[in-house]
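Undergrad: Next up, protein_18.cif (mmCIF, C-alpha atoms (C1' of nucleotides)).
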data_target
loop_
_atom_site.label_atom_id
_atom_site.label_comp_id
_atom_site.auth_asym_id
_atom_site.auth_seq_id
_atom_site.Cartn_x
_atom_site.Cartn_y
_atom_site.Cartn_z
CA MET A 1 -31.85 -9.16 -26.58
CA PRO A 2 -28.87 -9.52 -28.94
CA ALA A 3 -26.84 -12.65 -28.37
CA ALA A 4 -23.66 -10.61 -27.81
CA THR A 5 -25.14 -8.93 -24.72
CA ASN A 6 -26.64 -12.07 -23.23
CA PRO A 7 -24.16 -13.37 -20.61
CA ALA A 8 -25.35 -16.97 -20.77
CA VAL A 9 -25.05 -17.10 -24.54
CA ALA A 10 -21.71 -15.30 -24.56
CA LYS A 11 -20.15 -17.59 -21.96
CA ALA A 12 -21.39 -20.73 -23.62
CA ALA A 13 -19.94 -19.77 -26.97
CA LEU A 14 -16.36 -19.11 -25.85
CA ALA A 15 -13.39 -21.45 -25.66
CA PRO A 16 -11.53 -21.50 -22.34
CA PRO A 17 -8.53 -19.18 -22.04
CA ASP A 18 -5.16 -20.82 -22.75
CA PRO A 19 -2.42 -19.98 -20.22
CA GLY A 20 0.17 -20.61 -22.91
CA VAL A 21 -1.23 -17.72 -24.93
CA LEU A 22 -0.71 -15.37 -22.00
CA LEU A 23 2.84 -16.65 -21.42
CA ALA A 24 3.67 -16.05 -25.07
CA TRP A 25 2.34 -12.51 -24.74
CA TYR A 26 4.41 -12.05 -21.58
CA ASP A 27 7.57 -13.14 -23.38
CA ARG A 28 7.09 -10.22 -25.76
CA HIS A 29 5.57 -7.55 -23.54
CA GLN A 30 6.69 -8.01 -19.95
CA ARG A 31 7.51 -4.82 -18.11
CA ARG A 32 11.03 -4.19 -16.91
CA LEU A 33 10.77 -3.44 -13.21
CA PRO A 34 13.55 -2.83 -10.67
CA TRP A 35 12.77 -5.99 -8.69
CA ARG A 36 12.32 -8.23 -11.70
CA ALA A 37 15.26 -10.44 -12.74
CA PRO A 38 16.20 -10.55 -16.44
CA PRO A 39 14.45 -13.33 -18.42
CA GLY A 40 15.95 -16.68 -17.49
CA ALA A 41 17.77 -15.36 -14.44
CA ARG A 42 16.97 -16.63 -10.95
CA GLN A 43 15.05 -14.34 -8.64
CA ASP A 44 16.54 -13.43 -5.27
CA PRO A 45 13.86 -14.36 -2.70
CA TYR A 46 14.80 -11.37 -0.54
CA ARG A 47 14.21 -8.98 -3.42
CA VAL A 48 10.91 -10.62 -4.24
CA PHE A 49 9.92 -10.40 -0.59
CA LEU A 50 10.94 -6.75 -0.24
CA SER A 51 9.17 -5.68 -3.42
CA GLU A 52 6.01 -7.65 -2.67
CA ILE A 53 5.61 -6.12 0.78
CA MET A 54 6.14 -2.62 -0.61
CA LEU A 55 3.74 -3.23 -3.50
CA GLN A 56 0.84 -4.13 -1.22
CA GLN A 57 -1.81 -1.55 -2.11
CA THR A 58 0.91 0.71 -3.49
CA THR A 59 1.75 1.65 -7.06
CA VAL A 60 4.89 0.64 -8.94
CA VAL A 61 5.91 4.29 -9.45
CA THR A 62 5.64 5.04 -5.73
CA VAL A 63 7.49 1.91 -4.66
CA ALA A 64 10.47 2.07 -7.02
CA PRO A 65 12.60 4.68 -5.19
CA TYR A 66 11.86 3.12 -1.79
CA TYR A 67 12.82 -0.31 -3.10
CA GLU A 68 16.12 0.96 -4.46
CA ALA A 69 16.92 2.78 -1.22
CA PHE A 70 16.11 -0.23 0.96
CA LEU A 71 18.09 -2.62 -1.22
CA ARG A 72 21.10 -0.31 -1.18
CA ARG A 73 20.94 0.19 2.58
CA TRP A 74 20.01 -3.40 3.50
CA PRO A 75 21.18 -5.69 0.66
CA SER A 76 20.25 -8.93 2.41
CA VAL A 77 17.59 -10.23 4.74
CA GLU A 78 20.21 -10.58 7.46
CA ALA A 79 21.27 -6.95 7.07
CA LEU A 80 17.65 -5.91 7.40
CA ALA A 81 17.23 -8.17 10.42
CA ARG A 82 20.15 -6.45 12.16
CA ALA A 83 18.78 -2.94 11.56
CA PRO A 84 17.06 -1.07 14.40
CA LEU A 85 13.31 -0.80 13.83
CA ALA A 86 13.54 3.00 14.10
CA GLU A 87 15.80 3.10 11.05
CA VAL A 88 13.43 0.91 9.06
CA LEU A 89 10.46 3.11 9.99
CA SER A 90 12.42 6.23 9.04
CA ALA A 91 13.30 4.75 5.65
CA TRP A 92 9.68 3.69 5.15
CA ALA A 93 8.27 7.12 6.07
CA GLY A 94 5.94 8.40 3.35
CA LEU A 95 5.13 4.98 1.93
CA GLY A 96 2.11 4.43 4.18
CA TYR A 97 0.56 1.39 5.84
CA TYR A 98 3.30 1.39 8.43
CA ALA A 99 2.40 -2.01 9.86
CA ARG A 100 4.07 -3.29 6.70
CA ALA A 101 7.38 -1.81 7.82
CA ARG A 102 7.07 -3.27 11.29
CA ASN A 103 6.17 -6.66 9.88
CA LEU A 104 8.88 -6.46 7.22
CA HIS A 105 11.42 -6.07 9.99
CA ALA A 106 9.85 -8.78 12.14
CA CYS A 107 9.79 -11.10 9.15
CA ALA A 108 13.44 -10.45 8.33
CA LYS A 109 14.36 -11.29 11.92
CA ALA A 110 12.28 -14.47 11.79
CA VAL A 111 13.94 -15.59 8.55
CA ALA A 112 17.38 -14.83 9.95
CA GLU A 113 16.77 -16.54 13.28
CA ARG A 114 14.39 -19.38 12.45
CA HIS A 115 15.36 -20.19 8.87
CA GLY A 116 19.10 -19.53 8.86
CA GLY A 117 18.71 -16.50 6.63
CA GLN A 118 17.01 -18.48 3.85
CA PHE A 119 13.40 -17.82 2.93
CA PRO A 120 11.29 -20.98 2.99
CA ALA A 121 10.11 -22.04 -0.47
CA ASP A 122 6.87 -23.57 0.72
CA GLU A 123 3.74 -21.47 0.54
CA THR A 124 2.48 -22.69 3.91
CA ALA A 125 5.77 -21.94 5.64
CA LEU A 126 5.84 -18.47 4.09
CA LEU A 127 2.30 -17.85 5.27
CA ALA A 128 3.42 -18.36 8.86
CA LEU A 129 5.78 -15.37 8.70
CA PRO A 130 4.69 -11.91 9.91
CA GLY A 131 3.30 -9.63 7.23
CA ILE A 132 3.03 -12.44 4.69
CA GLY A 133 -0.57 -13.27 3.82
CA PRO A 134 -2.08 -15.53 1.17
CA TYR A 135 -1.16 -13.25 -1.71
CA THR A 136 2.44 -12.61 -0.72
CA ALA A 137 3.10 -16.25 0.20
CA ALA A 138 1.92 -17.35 -3.23
CA ALA A 139 3.89 -14.56 -4.92
CA ILE A 140 7.19 -15.50 -3.27
CA ALA A 141 6.60 -19.23 -3.74
CA SER A 142 5.88 -18.85 -7.45
CA ILE A 143 8.19 -16.00 -8.45
CA ALA A 144 11.22 -16.79 -6.29
CA PHE A 145 10.91 -20.59 -6.06
CA GLU A 146 8.89 -21.61 -9.12
CA ARG A 147 6.29 -23.35 -6.97
CA ARG A 148 2.79 -23.93 -8.28
CA ALA A 149 0.84 -21.09 -6.67
CA ALA A 150 -1.68 -18.41 -7.62
CA PRO A 151 -0.93 -15.00 -6.11
CA VAL A 152 -4.36 -13.54 -6.71
CA ASP A 153 -4.08 -9.76 -6.40
CA GLY A 154 -6.31 -6.99 -7.67
CA ASN A 155 -5.00 -7.49 -11.20
CA TRP A 156 -5.82 -11.20 -11.17
CA GLU A 157 -9.28 -10.48 -9.76
CA ARG A 158 -10.06 -7.97 -12.47
CA VAL A 159 -8.78 -10.20 -15.27
CA LEU A 160 -10.61 -13.25 -13.94
CA ALA A 161 -13.85 -11.37 -13.30
CA ARG A 162 -13.83 -10.19 -16.91
CA LEU A 163 -12.65 -13.43 -18.49
CA PHE A 164 -15.50 -15.33 -16.84
CA ALA A 165 -17.99 -12.47 -16.41
CA VAL A 166 -18.23 -13.00 -12.66
CA SER A 167 -21.14 -10.83 -11.57
CA ASP A 168 -20.92 -11.46 -7.81
CA PRO A 169 -19.57 -8.31 -6.14
CA LEU A 170 -16.16 -8.14 -4.50
CA PRO A 171 -15.10 -9.03 -1.88
CA LYS A 172 -17.72 -11.80 -1.70
CA ALA A 173 -16.58 -13.14 -5.07
CA ARG A 174 -13.03 -13.84 -3.83
CA PRO A 175 -13.44 -17.60 -3.27
CA LYS A 176 -14.97 -18.06 -6.70
CA LEU A 177 -12.23 -15.99 -8.35
CA ARG A 178 -9.55 -17.96 -6.55
CA ALA A 179 -11.06 -21.24 -7.74
CA LEU A 180 -11.07 -19.91 -11.30
CA ALA A 181 -7.44 -18.84 -10.88
CA LEU A 182 -6.39 -22.37 -9.95
CA THR A 183 -8.08 -23.77 -13.05
CA LEU A 184 -6.08 -21.34 -15.17
CA LEU A 185 -2.57 -22.18 -13.93
CA PRO A 186 -0.16 -23.55 -16.55
CA GLN A 187 1.87 -26.75 -16.14
CA ALA A 188 5.11 -24.81 -15.64
CA ARG A 189 6.50 -21.26 -15.46
CA TYR A 190 4.39 -20.40 -12.43
CA GLY A 191 6.40 -17.28 -11.62
CA ASP A 192 6.14 -15.94 -15.14
CA PHE A 193 2.44 -16.70 -15.24
CA ALA A 194 1.85 -14.83 -11.98
CA GLN A 195 3.65 -11.78 -13.27
CA ALA A 196 2.00 -12.08 -16.68
CA MET A 197 -1.41 -11.80 -15.02
CA MET A 198 -0.24 -8.71 -13.18
CA ASP A 199 1.22 -7.13 -16.29
CA LEU A 200 -1.93 -7.88 -18.24
CA GLY A 201 -4.06 -6.27 -15.54
CA ALA A 202 -1.76 -3.27 -15.22
CA THR A 203 -1.31 -2.49 -18.90
CA ILE A 204 -4.18 -4.02 -20.92
CA CYS A 205 -7.02 -5.16 -18.68
CA THR A 206 -7.07 -1.86 -16.80
CA PRO A 207 -9.86 -0.70 -14.47
CA ARG A 208 -11.00 2.00 -16.91
CA LYS A 209 -10.98 1.79 -20.69
CA PRO A 210 -9.32 -1.61 -21.04
CA ALA A 211 -7.33 -2.05 -24.25
CA CYS A 212 -9.14 -5.18 -25.37
CA VAL A 213 -7.92 -4.81 -28.94
CA LEU A 214 -4.39 -5.49 -27.67
CA CYS A 215 -5.34 -8.33 -25.32
CA PRO A 216 -4.01 -11.83 -25.97
CA TRP A 217 -7.16 -13.21 -24.34
CA GLN A 218 -9.71 -11.11 -26.19
CA SER A 219 -11.31 -14.11 -27.87
CA PRO A 220 -12.03 -16.16 -24.71
CA CYS A 221 -13.14 -13.11 -22.68
CA SER A 222 -16.80 -13.25 -21.64
CA ALA A 223 -16.93 -9.62 -20.52
CA ARG A 224 -15.71 -8.48 -23.92
CA ALA A 225 -18.22 -10.73 -25.61
CA GLU A 226 -20.91 -9.03 -23.58
CA GLY A 227 -19.69 -5.69 -24.89
CA ALA A 228 -18.91 -3.91 -21.60
CA PRO A 229 -15.72 -5.27 -20.00
CA GLU A 230 -15.36 -2.26 -17.69
CA ARG A 231 -18.53 -3.42 -15.95
CA TYR A 232 -16.37 -6.01 -14.19
CA PRO A 233 -15.37 -6.59 -11.48
CA VAL A 234 -18.56 -5.65 -9.66
CA LYS A 235 -17.80 -4.10 -6.28
CA ALA A 236 -19.79 -3.71 -3.10
CA ALA A 237 -20.94 -0.23 -2.15
CA LYS A 238 -18.36 1.79 -0.25
CA VAL A 239 -18.88 3.29 3.18
CA ALA A 240 -18.68 7.05 3.64
CA ARG A 241 -15.44 8.51 4.98
CA PRO A 242 -15.97 10.59 8.15
CA THR A 243 -13.93 13.60 9.23
CA ARG A 244 -11.98 14.02 12.47
CA GLN A 245 -10.55 17.21 13.90
CA GLY A 246 -7.74 18.10 16.24
CA VAL A 247 -5.13 20.68 17.19
CA ALA A 248 -1.40 20.13 16.64
CA PHE A 249 1.09 21.93 18.86
CA LEU A 250 4.16 23.36 17.18
CA ALA A 251 6.59 24.18 19.99
CA VAL A 252 9.52 25.93 18.28
CA ARG A 253 12.77 26.48 20.15
CA ALA A 254 14.94 29.55 19.57
CA ASP A 255 17.36 27.50 17.43
CA GLY A 256 14.50 26.24 15.27
CA ALA A 257 14.14 22.82 16.87
CA VAL A 258 10.61 21.45 17.09
CA LEU A 259 9.15 19.31 19.87
CA VAL A 260 8.09 15.84 18.73
CA ARG A 261 7.28 12.43 20.17
CA SER A 262 6.73 8.87 19.00
CA ARG A 263 3.29 7.37 18.53
CA ALA A 264 2.17 4.15 20.19
CA PRO A 265 3.88 1.13 18.60
CA LYS A 266 0.72 -0.20 16.93
CA GLY A 267 -2.40 1.22 15.36
CA LEU A 268 -2.66 4.29 13.16
CA LEU A 269 0.83 5.49 12.19
CA GLY A 270 2.15 3.05 14.79
CA GLY A 271 5.71 3.78 15.91
CA MET A 272 6.02 6.84 13.73
CA SER A 273 7.16 10.31 14.82
CA GLU A 274 4.61 13.06 15.32
CA VAL A 275 4.08 16.62 16.42
CA PRO A 276 2.11 16.47 19.69
CA SER A 277 -1.59 17.03 19.25
CA THR A 278 -4.96 16.59 20.84
CA PRO A 279 -6.75 13.35 20.10
CA TRP A 280 -8.39 13.35 16.67
CA GLU A 281 -12.13 13.21 17.21
CA PRO A 282 -15.19 13.53 14.96
CA ASN A 283 -15.99 16.93 16.49
CA GLY A 284 -12.57 17.92 17.79
CA VAL A 285 -11.88 18.29 21.52
CA ALA A 286 -13.54 20.80 23.83
CA HIS A 287 -10.38 22.24 25.45
CA PRO A 288 -7.35 21.80 23.17
CA GLY A 289 -5.06 23.72 25.51
CA ALA A 290 -5.39 20.99 28.12
CA HIS A 291 -3.49 18.71 25.71
CA ALA A 292 -0.56 21.09 25.09
CA PRO A 293 2.77 19.34 25.68
CA LEU A 294 4.22 22.22 27.73
CA GLN A 295 3.31 25.52 29.39
CA ALA A 296 3.78 28.38 26.95
CA THR A 297 1.97 31.17 25.18
CA TRP A 298 0.13 29.30 22.46
CA THR A 299 -1.04 31.20 19.37
CA ALA A 300 -3.40 29.76 16.82
CA LEU A 301 -1.86 29.92 13.36
CA ASN A 302 -4.10 30.87 10.47
CA ALA A 303 -3.53 27.47 8.92
CA THR A 304 -5.30 24.13 8.69
CA VAL A 305 -3.61 20.94 7.65
CA THR A 306 -5.93 18.50 5.91
CA HIS A 307 -5.04 14.92 5.22
CA VAL A 308 -7.01 11.94 3.97
CA PHE A 309 -6.35 8.56 5.52
CA SER A 310 -7.82 5.32 4.28
CA HIS A 311 -10.87 5.45 6.56
CA PHE A 312 -11.20 9.09 7.69
CA ALA A 313 -10.22 12.61 6.72
CA LEU A 314 -8.31 14.75 9.20
CA GLU A 315 -8.40 18.51 9.79
CA LEU A 316 -5.66 19.77 12.07
CA GLN A 317 -5.59 23.32 13.41
CA LEU A 318 -2.10 24.53 14.26
CA TRP A 319 -1.08 26.20 17.50
CA ARG A 320 2.41 27.58 17.88
CA ALA A 321 4.57 28.60 20.83
CA ASP A 322 8.09 30.02 20.85
CA VAL A 323 10.14 28.31 23.53
CA PRO A 324 13.45 29.54 24.99
CA ALA A 325 16.69 27.84 23.95
CA GLY A 326 17.55 25.26 26.58
CA ALA A 327 13.98 24.49 27.54
CA PRO A 328 13.83 20.81 28.46
CA ALA A 329 11.71 18.36 26.48
CA PRO A 330 8.82 16.99 28.56
CA ASP A 331 8.78 13.27 29.33
CA GLY A 332 8.21 11.22 26.21
CA HIS A 333 9.12 14.12 23.95
CA ARG A 334 12.32 15.26 22.19
CA TRP A 335 13.60 18.25 20.25
CA VAL A 336 14.33 17.70 16.58
CA THR A 337 16.48 20.09 14.59
CA ALA A 338 16.63 20.47 10.85
CA HIS A 339 19.94 18.63 11.02
CA ASP A 340 18.49 15.34 12.30
CA VAL A 341 15.03 15.48 10.77
CA ASP A 342 15.99 12.83 8.23
CA ALA A 343 16.50 10.29 11.00
CA GLU A 344 12.90 10.78 12.12
CA ALA A 345 9.98 8.73 10.85
CA PHE A 346 7.54 11.49 9.94
CA PRO A 347 4.50 10.28 8.01
CA SER A 348 3.14 12.52 5.28
CA VAL A 349 0.57 14.20 7.47
CA MET A 350 3.32 15.28 9.88
CA ARG A 351 5.47 16.63 7.08
CA LYS A 352 2.53 18.84 6.20
CA VAL A 353 2.34 20.04 9.79
CA LEU A 354 6.07 20.68 10.04
CA ALA A 355 6.02 22.74 6.87
CA HIS A 356 4.29 25.39 9.00
CA ALA A 357 7.02 25.45 11.67
CA GLN A 358 9.13 28.34 10.42
CA PRO A 359 12.04 28.79 10.61
CA PHE A 360 12.28 25.03 11.01
CA PHE A 361 12.37 23.81 7.47
CA ILE A 362 10.93 20.72 5.93
CA ASP A 363 9.63 20.15 2.47
CA PRO A 364 6.21 18.48 2.58
CA GLU A 365 6.80 17.15 -0.92
"C1'" DT B 1 -16.90 -11.06 7.96
"C1'" DA B 2 -15.95 -6.22 8.66
"C1'" DT B 3 -12.95 -2.90 10.02
"C1'" DC B 4 -8.65 -0.80 10.48
"C1'" DC B 5 -4.60 0.65 8.19
"C1'" DG B 6 -1.56 5.63 4.12
"C1'" DT B 7 -0.45 7.75 0.25
"C1'" DG B 8 -0.32 9.91 -4.25
"C1'" DG B 9 -1.86 10.09 -8.97
"C1'" DG B 10 -5.45 10.07 -12.63
"C1'" DC B 11 -9.62 11.72 -14.37
"C1'" DT C 1 -12.98 18.69 -6.43
"C1'" DG C 2 -14.15 14.25 -5.13
"C1'" DC C 3 -13.77 9.69 -6.10
"C1'" DC C 4 -11.34 5.66 -7.60
"C1'" DC C 5 -7.53 3.00 -7.62
"C1'" DA C 6 -2.82 0.45 -6.43
"C1'" DA C 7 1.34 -6.65 -6.55
"C1'" DG C 8 -3.09 -6.90 1.02
"C1'" DG C 9 -2.56 -8.22 6.02
"C1'" DA C 10 -3.98 -8.33 10.79
"C1'" DT C 11 -7.48 -8.66 13.94
#
Render the structure in this file as structure tokens.
TA:
Amino acid sequence: MPAATNPAVAKAALAPPDPGVLLAWYDRHQRRLPWRAPPGARQDPYRVFLSEIMLQQTTVVTVAPYYEAFLRRWPSVEALARAPLAEVLSAWAGLGYYARARNLHACAKAVAERHGGQFPADETALLALPGIGPYTAAAIASIAFERRAAPVDGNWERVLARLFAVSDPLPKARPKLRALALTLLPQARYGDFAQAMMDLGATICTPRKPACVLCPWQSPCSARAEGAPERYPVKAAKVARPTRQGVAFLAVRADGAVLVRSRAPKGLLGGMSEVPSTPWEPNGVAHPGAHAPLQATWTALNATVTHVFSHFALELQLWRADVPAGAPAPDGHRWVTAHDVDAEAFPSVMRKVLAHAQPFFIDPE
DNA sequence: TATCCGTGGGC
DNA sequence: TGCCCAAGGAT
């Protein structure tokens, strides 16, 4: 076996990575992002908080317009704390993982009420707030308050797994990766270092086809020395994604209004607006009509809405009924016109459904 | 520890 | 097209 492909030999031959080298790279190549203060400027903890919550499992490109809209509408944590939850959910609609929006609001209220409107700087105190886990606590502590902390996200994990050729599969390797992260921290500039790791992972040490030739840490990287950096991080096998089926009921009033309701406050799409439907079951439901929200002549549309959630795929058949103007909304339901659709919190799957409710108009894009 | 929890883009 | 991936947290 050639020495370059022998992990033990490769690791033994390399010098440890120098955090100062990464910081120097960051000074030249850092990305300009909407939530990132100019070099040398102090970060607003609220902006760091808002961006970090939005960026959980969500790409920079997707987050950017939502971040700008939230910051414009609620410029401070106290403004956000005063907002009704329904408005926050409506503004969050389309971004996904809606528990984040509920916790964002709960956290803003906690900061306003328990901390006088000032985010705590301490990682442990941050961790006690709703929606703030180990990653986000470390991110706010380091980026907003320059505390010594390692916000180990997917970028950090990938970079660390390659630097040290960690062959244990994720997520089991997390404790080991975190320990390696702590050994790598510089003596200062903790916020810059955190963001440098993220930038490196996002632009150089990418999941596929990493640009090792441009990497400031190419010489100490064990995975590169082995010759196949994309082999890391190793991941556990994924579970299959099942399918569920249901029927959605489009009750359309003569003026174009559509009957909707709000989902239960927690769980899947918790607190969001929806078109009434049967439960979503692996084999659909036996008698969909029994779940119709009102008595009417229901007609099956020749349309199926498909949508993929994180842990199942959904197929929704559409039934439609034309309802007279002035028909009352059943308990727990309400009529929504095109005029006030923007105030509703329709998740993406429901925008797809509503696109079939002519002449009610909504753009599923 | 494992599962639940969205969405859109890239290949 | 199907799969992978993205600045995770709560339970």
Undergrad: Distance cut-off 10 Å, counting only C-alpha atoms (C1' of nucleotides) - which residues of chain C neighbour chain A? Return them as a compact mmCIF listing (two decimals) with C-alpha atoms (C1' of nucleotides), in the frame of the given file.
TA:
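This went into out03.txt:
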# COMPACT_ATOMS: atom_id res chain seq x y z
C1' DC C 4 -11.34 5.66 -7.60
C1' DC C 5 -7.53 3.00 -7.62
C1' DA C 6 -2.82 0.45 -6.43
C1' DA C 7 1.34 -6.65 -6.55
C1' DG C 8 -3.09 -6.90 1.02
C1' DG C 9 -2.56 -8.22 6.02
C1' DA C 10 -3.98 -8.33 10.79
Undergrad: Distance atom CA of A:Pro171-atom CA of A:Asp122, one decimal place?
TA: 26.5 Å
Undergrad: Taking all atoms listed in the file into account, find every residue of chain B that has an atom no more than 9 Å from chain A, and write it out as a ChimeraX atom specification.
TA: /B:4-8
Undergrad: Given the PyMOL selection byres ((chain A and resi 300) around 7) and the file above, list the residues it selects as a list in words.
TA: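 Written out, the selection comes to Trp298, Thr299, Leu301, Asn302, Leu318, Trp319 and Arg320 of chain A.
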Undergrad: Write out, as a compact mmCIF listing (two decimals), in the frame of the given file, the residues just selected, with C-alpha atoms.
TA:
# COMPACT_ATOMS: atom_id res chain seq x y z
CA TRP A 298 0.13 29.30 22.46
CA THR A 299 -1.04 31.20 19.37
CA LEU A 301 -1.86 29.92 13.36
CA ASN A 302 -4.10 30.87 10.47
CA LEU A 318 -2.10 24.53 14.26
CA TRP A 319 -1.08 26.20 17.50
CA ARG A 320 2.41 27.58 17.88
Undergrad: Please indicate the distance in Å from atom CA of A:Arg231 to atom CA of A:Thr206, rounded to one decimal place.
TA: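 According to the coordinates, atom CA of A:Arg231 and atom CA of A:Thr206 are separated by 11.6 Å.
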Undergrad: Box time for stretch 99-113 of chain A: axis-aligned, enclosing all its listed atoms, 3 Å extra on each side; report centre and edge lengths in Å to one decimal, as AutoDock Vina command-line options.
TA:
--center_x 9.9 --center_y -9.2 --center_z 10.0 --size_x 21.0 --size_y 20.7 --size_z 12.6
Undergrad: Check the smallest atom-to-atom distance from each of A:Leu294, A:Ala223, A:Ala64, A:Ala149 to A:Ala329 using only C-alpha atoms, then report the winner.
TA: A:Leu294
Undergrad: Would you kindly translate the PyMOL selection byres ((chain A and resi 212) around 12) into the concrete residues it picks from this file, as a tab-separated table (two decimals) with C-alpha atoms, in the frame of the given file?
TA:
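File produced: result-v8.tsv:
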chain	number	residue	atom	x	y	z
A	159	VAL	CA	-8.78	-10.20	-15.27
A	162	ARG	CA	-13.83	-10.19	-16.91
A	163	LEU	CA	-12.65	-13.43	-18.49
A	200	LEU	CA	-1.93	-7.88	-18.24
A	201	GLY	CA	-4.06	-6.27	-15.54
A	203	THR	CA	-1.31	-2.49	-18.90
A	204	ILE	CA	-4.18	-4.02	-20.92
A	205	CYS	CA	-7.02	-5.16	-18.68
A	206	THR	CA	-7.07	-1.86	-16.80
A	207	PRO	CA	-9.86	-0.70	-14.47
A	208	ARG	CA	-11.00	2.00	-16.91
A	209	LYS	CA	-10.98	1.79	-20.69
A	210	PRO	CA	-9.32	-1.61	-21.04
A	211	ALA	CA	-7.33	-2.05	-24.25
A	213	VAL	CA	-7.92	-4.81	-28.94
A	214	LEU	CA	-4.39	-5.49	-27.67
A	215	CYS	CA	-5.34	-8.33	-25.32
A	216	PRO	CA	-4.01	-11.83	-25.97
A	217	TRP	CA	-7.16	-13.21	-24.34
A	218	GLN	CA	-9.71	-11.11	-26.19
A	219	SER	CA	-11.31	-14.11	-27.87
A	220	PRO	CA	-12.03	-16.16	-24.71
A	221	CYS	CA	-13.14	-13.11	-22.68
A	222	SER	CA	-16.80	-13.25	-21.64
A	223	ALA	CA	-16.93	-9.62	-20.52
A	224	ARG	CA	-15.71	-8.48	-23.92
A	225	ALA	CA	-18.22	-10.73	-25.61
A	227	GLY	CA	-19.69	-5.69	-24.89
A	228	ALA	CA	-18.91	-3.91	-21.60
A	229	PRO	CA	-15.72	-5.27	-20.00
A	230	GLU	CA	-15.36	-2.26	-17.69
Undergrad: What does the distance between atom CA of A:Pro169 and atom CA of A:Ala236 come to in Å, to one decimal place?
TA: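 Atom-to-atom, atom CA of A:Pro169 to atom CA of A:Ala236, that is 5.5 Å.
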Undergrad: Residues within 9 Å of (-7.9, -19.2, -19.3), file coordinates, counting all atoms listed in the file: what are they? Give the list as number ranges by chain.
TA: A: 15-22, 160, 163-164, 180-181, 183-185, 217, 220-221
Undergrad: Using the atoms already present, construct all heavy atoms for stretch 68-72 of chain A and hand them back as a short mmCIF file (atom, residue, chain, number, x, y, z; two decimals), in the frame of the given file.
TA:
data_model
loop_
_atom_site.label_atom_id
_atom_site.label_comp_id
_atom_site.auth_asym_id
_atom_site.auth_seq_id
_atom_site.Cartn_x
_atom_site.Cartn_y
_atom_site.Cartn_z
N GLU A 68 14.69 0.76 -4.18
CA GLU A 68 16.12 0.96 -4.46
C GLU A 68 16.86 1.38 -3.20
O GLU A 68 17.97 0.92 -2.93
CB GLU A 68 16.29 2.02 -5.55
CG GLU A 68 15.56 1.72 -6.86
CD GLU A 68 16.34 0.74 -7.74
OE1 GLU A 68 17.30 0.12 -7.25
OE2 GLU A 68 15.96 0.62 -8.93
N ALA A 69 16.26 2.29 -2.44
CA ALA A 69 16.92 2.78 -1.22
C ALA A 69 17.07 1.67 -0.19
O ALA A 69 18.12 1.54 0.45
CB ALA A 69 16.12 3.95 -0.64
N PHE A 70 16.03 0.88 -0.02
CA PHE A 70 16.11 -0.23 0.96
C PHE A 70 17.17 -1.24 0.52
O PHE A 70 17.96 -1.72 1.34
CB PHE A 70 14.74 -0.91 1.09
CG PHE A 70 13.91 -0.40 2.22
CD1 PHE A 70 13.37 0.88 2.18
CD2 PHE A 70 13.66 -1.18 3.35
CE1 PHE A 70 12.59 1.37 3.23
CE2 PHE A 70 12.88 -0.71 4.40
CZ PHE A 70 12.35 0.57 4.34
N LEU A 71 17.16 -1.58 -0.75
CA LEU A 71 18.09 -2.62 -1.22
C LEU A 71 19.54 -2.15 -1.08
O LEU A 71 20.43 -2.94 -0.77
CB LEU A 71 17.78 -2.96 -2.68
CG LEU A 71 18.37 -4.27 -3.19
CD1 LEU A 71 17.87 -5.44 -2.37
CD2 LEU A 71 18.06 -4.45 -4.66
N ARG A 72 19.75 -0.86 -1.32
CA ARG A 72 21.10 -0.31 -1.18
C ARG A 72 21.53 -0.30 0.29
O ARG A 72 22.66 -0.63 0.61
CB ARG A 72 21.12 1.11 -1.77
CG ARG A 72 22.49 1.75 -1.85
CD ARG A 72 22.46 2.96 -2.81
NE ARG A 72 21.41 3.92 -2.48
CZ ARG A 72 20.34 4.15 -3.23
NH1 ARG A 72 20.18 3.50 -4.37
NH2 ARG A 72 19.45 5.05 -2.87
#
